[in-house]
Amino acid sequence: MNALSDSRTGLDGQPYRIVERDGVRYTLLGTAHVSRASVVAVETAIASGRYDTIAVELDAQRHRALTDPDALAGLDLFQIIREGKTGLVAANLALAAYQRRLAEHLGVEPGAELKAAAVGAAERGLRLALVDRDVGITLRRAFSRLGWWRRAKLLAGLAAGLFADHEVEADEIERLKQGDVLEASFSEFAQGTPEVYEAVIAERDRYMAASLRQIGTEGCREVLVVVGAGHLAGLTSHLAEDHGEPAAQLSELEALPPRSNFPWFTVLLAVFLLGGFAWGAWQGGLQFGGELLLQWALITAVGGALGCLAAGGHPLSILAAFVASPLTPLHPALASGTVSALVEAWVRKPTYADFLRLREDTGHLSGWWRNRVARVLLNFFLTSLGTGIAVWLAGAHLVGRLA
């Protein structure tokens, strides 16, 4: 750790590094996301007048969430459902709920020093650079590297963030003292799973270094970089040593694994089901085949409807789930969770006040049923979960009848 005698710089007693490259002086200030001292250090550094650019460990989405209390009011719920972004929105709400519990436990808002940097830059007319990678890309890249079992564990961890009201563990607080909300939010996953650590921590070090090099080509000379202390070593190394075009590196680190255009799982499941019904009809006659088909439809329909009922769905949403669930395995566009959530959003249209209260309501379990926006998201997940369980049960029943 370095130290400067002039306390007016805001660096006195704080972890920091200085990297000079290509005519630009980067002062990397390592902060703890739950420290009032870090907030003061950031405010003092900006007030010193030394810097022409303030770079922060934020992407556009997180910056807006920190600085605009009404940011969620602009969500287009129907578009989110149609574009399949329901999971991403829920994951962000899980992170926000986790941070609210931290704020209640520690008496300071996680990321307050990042907010202070953004607000301070705006107030003084300084250039603000958001140098972190979009959190949605980070989550998707982490998720894509895991097998199905570890994906399930990761989703369970996010679900815990959505619903749990447990006390914040000491090791989570220690991670935040090292300054990374995402790492602490994933608890043991970031430390215990190399693939998650690579996406959540290591890749972001490289991404932020490339972002800083990119803004260094745009006329700035003195850049204050406000990042979590956990990123200080990696970011310093990459900023000083990485070569190649920053734009190319950013594109590489933003790329998502290509999805297969062919729906293998849907096709295989459809072949299994249709083949099972055909085999049953051939072996036991049309009546037996029809009986299998009816049983399949009833089991899956009831499963989807029960999931929607658990989410507090409107009777029309429950009916939609009942009708769509047997068809879900045959075509992604007919997914019961999507159909039911769209009907719920149409029948019980969320109000502007629901959007304004969304962040607060989703911090508590009961708020997910009380808030109309949150209930639509919950409807999507519980209907999908109910249908998924029912599909496996119906498939096992079909195999047992044919055996």
# chains A, B, ... in the order shown; residues from 1 in each chain; ligands from 1
>>> select_by_dssp(residues="range 189-323 of chain A", states="strand (DSSP E or B)", output="list in words")
Glu222, Val223, Leu224, Val225, Val226, Val227 and Gly228 of chain A
>>> closest_residue(among="A:Ala117, A:Ala335, A:Met208, A:Leu294", to="Ser38 in chain A", atoms="only C-alpha atoms")
A:Ala117
>>> atom_distance(atom1="CA of Phe78 in chain A", atom2="CA of Leu253 in chain A")
29.5 Å
>>> closest_residue(among="A:Arg62, A:Glu57, A:Pro258, A:Thr387", to="Arg204 in chain A", atoms="only C-alpha atoms")
A:Glu57
>>> closest_residue(among="A:Leu58, A:Lys115, A:Ala240, A:Leu378", to="Leu93 in chain A", atoms="only C-alpha atoms")
A:Leu378
>>> select_by_dssp(residues="range 323-389 of chain A", states="alpha helix (DSSP H)", output="MDAnalysis selection string")
chainID A and resid 323:324 336:347 352:361 367:370 372:389
>>> residues_around(residues="Gly23 in chain A", least_positions_apart="2", cutoff="10 Å", atoms="only C-alpha atoms", output="VMD selection string")
chain A and resid 20 to 21 25 to 26 216 to 217 219 to 222
>>> closest_residue(among="A:Ala129, A:Val227, A:Val24, A:Leu334", to="Val42 in chain A", atoms="only C-alpha atoms")
A:Val227
>>> closest_residue(among="A:Leu382, A:Ile299, A:Val373, A:Cys308", to="His397 in chain A", atoms="only C-alpha atoms")
A:Ile299
>>> closest_residue(among="A:Arg401, A:Arg370, A:Arg64, A:His314", to="Ser340 in chain A", atoms="only C-alpha atoms")
A:His314
